[in-house]
Amino acid sequence: MNSIEEKLWDYIDGTCPPAEQEAIATLIEQDEVYRKKYNELLQLNMEFASMEVEEPSMAFTYNVMETIRTEHAKQPLKATIDKRIILGISAFFVLTLAALLIYALSMVNWSAGSGFKMPDQLNLTQLKVTHISSYFTGPVVKGFLFFDVVMGLFLLDNYLRRKSATR
Amino acid sequence: MQSKLSDIELIEQTLGGNQSAYADLVKRHQRFVFTLAMRFAKGREDAEEIAQDCFIKAYRSLSAFQQQSKFSTWLYSIVYTTAMTFLRKKRIDTSSIDDDESYIQIEGKSSGYDEYNVENKSRSYYLNQAIEQLLPDDATIITMFYKGEQSLEEIAQVMGIEANTVKVKLFRARQRLKEKLERNLKHEVKELI
């Protein structure tokens, strides 16, 4: 930083130490070369400071915010679902199933089958097989089974996904 | 109408989920960010793309803003990095119009351009024209110093260089700008004659 111009720019910008600032101020007052150059640079400085800032298009802010909104919307639903909700649903079904199982087991007459004797000749034509649909009567039971199946598939899917992710 | 809240207050609101606060931040800084982008892209479309990209990047990493510097300084560093990446990608010819890297020292000679009275075009037009002819780095330093309210230290932070280097670069950039301004005005006067 030796040239007159460099010193004067420092003086104009106020980046030189106070002692140097004073020395340059004295030089500007006394030296014609310094004064002329100082006035020239001061004028340039004013000119540079008056430069115009560009204006983007009218829709600029809208475009930025729209892109941000789209990015938010693109986030997978899976990530936005709280895990506690899934755990809650799972717990509800597990507890219901367990309660039903306990109730069913408590209703079974365990001594009923003790006197069973196989027939000597099994006549298949006379055999009455209870149709499976008879067990699934009632809309509540059907609905419950439907949810169980869906839940089972969901958990299976979850398990398979995790398995493939660990590979 | 722009928000009267400070940048930091708007950032806090944005982080709290208020997207319109970020829109206010964009409105506040868009002109300068776009101007900086123009120093690199030289075309409005590309500059707008860069500027938009910068605001989206800033939004994504807003939570990482430590508030150790001004928001504008942090934002301009994103602009600088994004614009440099853009230049590398597009391989734009970054050389000035006359490919003159070295500046000519004009000492003891008064600035000639103020002797001319060019009436048909404003001085700001010639200044903008001269800035466009500068190297992106020179134009960026001058723009940040005069219009971005950034100190030499802050410019250094944006550009990832030493403050003293910025000081030297600023001096050289001013020299080059002065030369270009004089040359353009002389050329204009010759054409008029």
# chains A, B, ... in the order shown; residues from 1 in each chain; ligands from 1
call {"tool": "interface_residues", "arguments": {"of": "chain A", "to": "chain B", "cutoff": "7 Å", "atoms": "only C-alpha atoms", "output": "tab-separated table (two decimals) with C-alpha atoms, in the first residue's frame"}}
result
chain	number	residue	atom	x	y	z
A	40	GLU	CA	-11.03	12.88	-8.29
A	48	PHE	CA	-19.73	4.03	-7.67
A	49	ALA	CA	-22.02	4.39	-4.68
A	51	MET	CA	-24.85	2.37	-8.98
A	52	GLU	CA	-28.30	0.96	-9.49
A	53	VAL	CA	-29.48	-2.33	-8.05
A	54	GLU	CA	-31.23	-4.66	-10.48
A	55	GLU	CA	-34.89	-5.60	-10.09
A	56	PRO	CA	-36.00	-9.22	-10.59
A	61	THR	CA	-41.00	-14.05	-4.51
A	64	VAL	CA	-39.48	-18.97	-4.68
A	65	MET	CA	-42.32	-19.59	-2.24
A	68	ILE	CA	-40.68	-24.24	-1.31
call {"tool": "residues_around", "arguments": {"residues": "stretch 73-89 of chain B", "least_positions_apart": "4", "cutoff": "7 Å", "atoms": "only C-alpha atoms", "output": "mmCIF file with C-alpha atoms, in the first residue's frame"}}
result
data_model
loop_
_atom_site.group_PDB
_atom_site.id
_atom_site.type_symbol
_atom_site.label_atom_id
_atom_site.label_comp_id
_atom_site.auth_asym_id
_atom_site.auth_seq_id
_atom_site.Cartn_x
_atom_site.Cartn_y
_atom_site.Cartn_z
ATOM 1 C CA VAL B 33 -29.253 -11.148 -4.472
ATOM 2 C CA ALA B 37 -26.375 -13.099 -9.581
ATOM 3 C CA PHE B 40 -22.039 -13.712 -12.787
ATOM 4 C CA ILE B 50 -29.418 -18.495 -9.556
ATOM 5 C CA CYS B 54 -30.057 -19.317 -3.464
ATOM 6 C CA ALA B 58 -31.064 -20.678 2.308
ATOM 7 C CA SER B 69 -22.767 -13.028 11.199
ATOM 8 C CA GLU B 154 -17.681 -9.564 5.688
ATOM 9 C CA VAL B 158 -18.487 -14.352 1.729
ATOM 10 C CA MET B 159 -15.661 -15.055 -0.699
#
call {"tool": "residues_around", "arguments": {"residues": "stretch 144-160 of chain A", "least_positions_apart": "4", "cutoff": "8 Å", "atoms": "only C-alpha atoms", "output": "ChimeraX atom specification"}}
result
/A:90,93,140,164
call {"tool": "write_last_selection", "arguments": {"atoms": "N, CA and C atoms", "output": "JSON list (two decimals), in the first residue's frame"}}
result
[["chain", "number", "residue", "atom", "x", "y", "z"],
["A", 90, "SER", "N", -51.70, -50.61, 16.54],
["A", 90, "SER", "CA", -51.22, -51.99, 16.70],
["A", 90, "SER", "C", -51.57, -52.51, 18.09],
["A", 93, "PHE", "N", -55.29, -53.48, 18.40],
["A", 93, "PHE", "CA", -55.65, -54.75, 17.76],
["A", 93, "PHE", "C", -55.07, -55.94, 18.51],
["A", 140, "VAL", "N", -70.14, -57.29, 12.77],
["A", 140, "VAL", "CA", -69.05, -56.84, 13.65],
["A", 140, "VAL", "C", -67.85, -57.76, 13.53],
["A", 164, "SER", "N", -35.54, -56.03, 3.55],
["A", 164, "SER", "CA", -34.85, -55.68, 2.29],
["A", 164, "SER", "C", -33.93, -54.48, 2.48]]
